[in-house]
Amino acid sequence: MRSLEVCGTLRATGNRVASNWSRSCISPDDNYVAAGSADGSVYIWSISKADIVSTLKEHTASVLCCSWSGHGKPLASADKNGIVCTWA
């Protein structure tokens, strides 16, 4: 049974949640978290290190959601202007 207790907190300088309905995601192997930011960046954290491993920059608008495929690649991100980027 899940207790829904906080297992960790991830932060990045410059990361700001774009909206109250923004969606982050956990990689299929449970090693990474991806989250979009109001500045158009997608931040990738290592869960075990609790640190940023990559900052992806392609969007020019707030990133509202991220999703990994079930196979681990690619990662997709979508911004408020309707642009979807895929990352290998």
# chains A, B, ... in the order shown; residues from 1 in each chain; ligands from 1
>>> residues_around(residues="Trp68 (chain A)", least_positions_apart="3", cutoff="12 Å", atoms="only C-alpha atoms", output="PyMOL selection string")
chain A and resi 23-35+44+65+71-78+85-88
>>> write_last_selection(atoms="N, CA, C and O atoms", output="short mmCIF file (atom, residue, chain, number, x, y, z; two decimals), in the first residue's frame")
data_model
loop_
_atom_site.label_atom_id
_atom_site.label_comp_id
_atom_site.auth_asym_id
_atom_site.auth_seq_id
_atom_site.Cartn_x
_atom_site.Cartn_y
_atom_site.Cartn_z
N ARG A 23 2.45 19.21 -15.75
CA ARG A 23 2.69 17.81 -15.46
C ARG A 23 4.17 17.47 -15.62
O ARG A 23 4.76 17.70 -16.66
N SER A 24 4.74 16.92 -14.59
CA SER A 24 6.09 16.35 -14.68
C SER A 24 5.94 14.85 -14.86
O SER A 24 4.82 14.33 -14.83
N CYS A 25 7.06 14.15 -15.06
CA CYS A 25 6.96 12.70 -15.24
C CYS A 25 8.23 12.01 -14.74
O CYS A 25 9.29 12.63 -14.66
N ILE A 26 8.08 10.74 -14.43
CA ILE A 26 9.19 9.90 -13.99
C ILE A 26 9.52 8.94 -15.13
O ILE A 26 8.62 8.40 -15.78
N SER A 27 10.80 8.76 -15.40
CA SER A 27 11.23 7.87 -16.48
C SER A 27 10.78 6.43 -16.21
O SER A 27 10.59 6.05 -15.05
N PRO A 28 10.62 5.63 -17.26
CA PRO A 28 10.18 4.24 -17.08
C PRO A 28 11.08 3.41 -16.18
O PRO A 28 10.63 2.47 -15.54
N ASP A 29 12.38 3.76 -16.10
CA ASP A 29 13.29 3.02 -15.23
C ASP A 29 13.35 3.60 -13.81
O ASP A 29 14.14 3.15 -12.99
N ASP A 30 12.52 4.59 -13.54
CA ASP A 30 12.43 5.23 -12.21
C ASP A 30 13.71 5.94 -11.78
O ASP A 30 13.92 6.18 -10.59
N ASN A 31 14.57 6.30 -12.73
CA ASN A 31 15.83 6.96 -12.38
C ASN A 31 15.81 8.48 -12.55
O ASN A 31 16.66 9.16 -11.98
N TYR A 32 14.87 9.00 -13.32
CA TYR A 32 14.87 10.42 -13.65
C TYR A 32 13.48 11.03 -13.53
O TYR A 32 12.47 10.33 -13.65
N VAL A 33 13.47 12.34 -13.32
CA VAL A 33 12.23 13.12 -13.35
C VAL A 33 12.43 14.23 -14.37
O VAL A 33 13.49 14.86 -14.40
N ALA A 34 11.42 14.47 -15.19
CA ALA A 34 11.44 15.57 -16.16
C ALA A 34 10.30 16.52 -15.81
O ALA A 34 9.19 16.07 -15.49
N ALA A 35 10.59 17.81 -15.86
CA ALA A 35 9.56 18.82 -15.60
C ALA A 35 9.83 20.05 -16.45
O ALA A 35 10.97 20.46 -16.62
N ILE A 44 15.81 17.94 -16.23
CA ILE A 44 15.90 16.51 -15.97
C ILE A 44 16.73 16.31 -14.70
O ILE A 44 17.87 16.77 -14.63
N CYS A 65 3.78 20.16 -20.00
CA CYS A 65 3.79 18.75 -19.66
C CYS A 65 4.96 18.03 -20.32
O CYS A 65 5.49 18.48 -21.33
N HIS A 71 9.28 2.91 -23.33
CA HIS A 71 10.58 2.29 -23.56
C HIS A 71 11.73 3.16 -23.06
O HIS A 71 12.88 2.76 -23.16
N GLY A 72 11.43 4.35 -22.53
CA GLY A 72 12.47 5.22 -21.99
C GLY A 72 12.93 6.31 -22.93
O GLY A 72 13.45 7.32 -22.50
N LYS A 73 12.78 6.11 -24.23
CA LYS A 73 13.09 7.14 -25.21
C LYS A 73 12.03 7.09 -26.27
O LYS A 73 11.59 6.01 -26.64
N PRO A 74 11.60 8.18 -26.80
CA PRO A 74 11.99 9.55 -26.49
C PRO A 74 11.19 10.13 -25.32
O PRO A 74 10.21 9.53 -24.86
N LEU A 75 11.62 11.30 -24.89
CA LEU A 75 10.87 12.15 -23.97
C LEU A 75 10.14 13.16 -24.84
O LEU A 75 10.72 13.68 -25.79
N ALA A 76 8.89 13.43 -24.53
CA ALA A 76 8.14 14.47 -25.25
C ALA A 76 7.79 15.58 -24.27
O ALA A 76 7.54 15.32 -23.09
N SER A 77 7.81 16.81 -24.77
CA SER A 77 7.40 17.95 -23.96
C SER A 77 6.51 18.84 -24.81
O SER A 77 6.69 18.92 -26.03
N ALA A 78 5.53 19.48 -24.19
CA ALA A 78 4.59 20.34 -24.91
C ALA A 78 4.49 21.68 -24.21
O ALA A 78 4.46 21.75 -22.98
N CYS A 85 7.93 18.94 -28.55
CA CYS A 85 9.31 18.55 -28.88
C CYS A 85 9.53 17.12 -28.41
O CYS A 85 9.03 16.73 -27.35
N THR A 86 10.28 16.36 -29.20
CA THR A 86 10.70 15.04 -28.75
C THR A 86 12.21 15.07 -28.58
O THR A 86 12.92 15.73 -29.35
N TRP A 87 12.69 14.39 -27.54
CA TRP A 87 14.10 14.41 -27.15
C TRP A 87 14.61 12.99 -27.10
O TRP A 87 14.02 12.15 -26.44
N ALA A 88 15.69 12.71 -27.80
CA ALA A 88 16.26 11.36 -27.82
C ALA A 88 17.36 11.22 -26.80
O ALA A 88 17.95 12.17 -26.36
#
>>> residues_around(residues="Ser41 (chain A)", least_positions_apart="6", cutoff="8 Å", atoms="only C-alpha atoms", output="short mmCIF file (atom, residue, chain, number, x, y, z; two decimals) with C-alpha atoms, in the first residue's frame")
data_model
loop_
_atom_site.label_atom_id
_atom_site.label_comp_id
_atom_site.auth_asym_id
_atom_site.auth_seq_id
_atom_site.Cartn_x
_atom_site.Cartn_y
_atom_site.Cartn_z
CA ASN A 15 12.79 26.34 -12.63
CA THR A 55 18.48 21.25 -19.05
CA LEU A 56 16.80 21.05 -22.44
CA LYS A 57 16.10 24.30 -24.28
CA GLU A 58 14.02 24.43 -27.43
CA HIS A 59 10.65 25.80 -26.38
CA SER A 62 6.05 27.79 -20.91
CA VAL A 63 6.35 23.99 -20.91
#
>>> atom_distance(atom1="CA of Val42 (chain A)", atom2="CA of Gly70 (chain A)")
18.9 Å
>>> closest_residue(among="A:Ile47, A:Ser69, A:Arg2, A:Ser37", to="Gly14 (chain A)", atoms="only C-alpha atoms")
A:Ser37
>>> atom_distance(atom1="CA of Cys66 (chain A)", atom2="CA of Gly36 (chain A)")
6.7 Å
>>> closest_residue(among="A:Asn20, A:Asn81, A:Thr9, A:Ser67", to="Ser48 (chain A)", atoms="only C-alpha atoms")
A:Thr9
>>> atom_distance(atom1="CA of Ser54 (chain A)", atom2="CA of Asp79 (chain A)")
18.2 Å
>>> select_by_dssp(residues="region 11-40 of chain A", states="strand (DSSP E)", output="list in words")
Cys25, Ile26, Tyr32, Val33, Ala34, Ala35 and Gly36 of chain A
>>> decode(residues="region 17-42 of chain A", atoms="N, CA and C atoms", output="CSV table (one decimal), in the first residue's frame")
chain,number,residue,atom,x,y,z
A,17,VAL,N,7.3,26.6,-12.1
A,17,VAL,CA,6.2,25.8,-12.6
A,17,VAL,C,5.3,26.8,-13.4
A,18,ALA,N,5.0,26.3,-14.6
A,18,ALA,CA,4.3,27.2,-15.5
A,18,ALA,C,2.8,27.4,-15.2
A,19,SER,N,2.2,26.5,-14.6
A,19,SER,CA,0.8,26.6,-14.2
A,19,SER,C,0.4,25.6,-13.1
A,20,ASN,N,-0.7,25.8,-12.5
A,20,ASN,CA,-1.1,24.8,-11.5
A,20,ASN,C,-1.5,23.5,-12.0
A,21,TRP,N,-1.6,23.3,-13.3
A,21,TRP,CA,-1.9,22.0,-13.9
A,21,TRP,C,-0.8,21.5,-14.8
A,22,SER,N,0.4,22.0,-14.6
A,22,SER,CA,1.6,21.5,-15.3
A,22,SER,C,1.9,20.0,-14.8
A,23,ARG,N,2.4,19.2,-15.8
A,23,ARG,CA,2.7,17.8,-15.5
A,23,ARG,C,4.2,17.5,-15.6
A,24,SER,N,4.7,16.9,-14.6
A,24,SER,CA,6.1,16.4,-14.7
A,24,SER,C,5.9,14.8,-14.9
A,25,CYS,N,7.1,14.2,-15.1
A,25,CYS,CA,7.0,12.7,-15.2
A,25,CYS,C,8.2,12.0,-14.7
A,26,ILE,N,8.1,10.7,-14.4
A,26,ILE,CA,9.2,9.9,-14.0
A,26,ILE,C,9.5,8.9,-15.1
A,27,SER,N,10.8,8.8,-15.4
A,27,SER,CA,11.2,7.9,-16.5
A,27,SER,C,10.8,6.4,-16.2
A,28,PRO,N,10.6,5.6,-17.3
A,28,PRO,CA,10.2,4.2,-17.1
A,28,PRO,C,11.1,3.4,-16.2
A,29,ASP,N,12.4,3.8,-16.1
A,29,ASP,CA,13.3,3.0,-15.2
A,29,ASP,C,13.4,3.6,-13.8
A,30,ASP,N,12.5,4.6,-13.5
A,30,ASP,CA,12.4,5.2,-12.2
A,30,ASP,C,13.7,5.9,-11.8
A,31,ASN,N,14.6,6.3,-12.7
A,31,ASN,CA,15.8,7.0,-12.4
A,31,ASN,C,15.8,8.5,-12.6
A,32,TYR,N,14.9,9.0,-13.3
A,32,TYR,CA,14.9,10.4,-13.7
A,32,TYR,C,13.5,11.0,-13.5
A,33,VAL,N,13.5,12.3,-13.3
A,33,VAL,CA,12.2,13.1,-13.3
A,33,VAL,C,12.4,14.2,-14.4
A,34,ALA,N,11.4,14.5,-15.2
A,34,ALA,CA,11.4,15.6,-16.2
A,34,ALA,C,10.3,16.5,-15.8
A,35,ALA,N,10.6,17.8,-15.9
A,35,ALA,CA,9.6,18.8,-15.6
A,35,ALA,C,9.8,20.0,-16.4
A,36,GLY,N,8.8,20.6,-17.0
A,36,GLY,CA,8.9,21.8,-17.8
A,36,GLY,C,8.8,23.1,-16.9
A,37,SER,N,9.3,24.2,-17.4
A,37,SER,CA,9.4,25.4,-16.7
A,37,SER,C,8.7,26.5,-17.4
A,38,ALA,N,8.4,27.6,-16.7
A,38,ALA,CA,7.8,28.8,-17.4
A,38,ALA,C,8.7,29.4,-18.3
A,39,ASP,N,10.0,29.2,-18.2
A,39,ASP,CA,11.0,29.9,-19.1
A,39,ASP,C,11.2,29.1,-20.4
A,40,GLY,N,10.4,28.0,-20.6
A,40,GLY,CA,10.6,27.2,-21.8
A,40,GLY,C,11.6,26.0,-21.7
A,41,SER,N,12.2,25.9,-20.6
A,41,SER,CA,13.2,24.8,-20.4
A,41,SER,C,12.5,23.6,-19.9
A,42,VAL,N,13.2,22.4,-20.1
A,42,VAL,CA,12.8,21.1,-19.6
A,42,VAL,C,14.0,20.7,-18.7
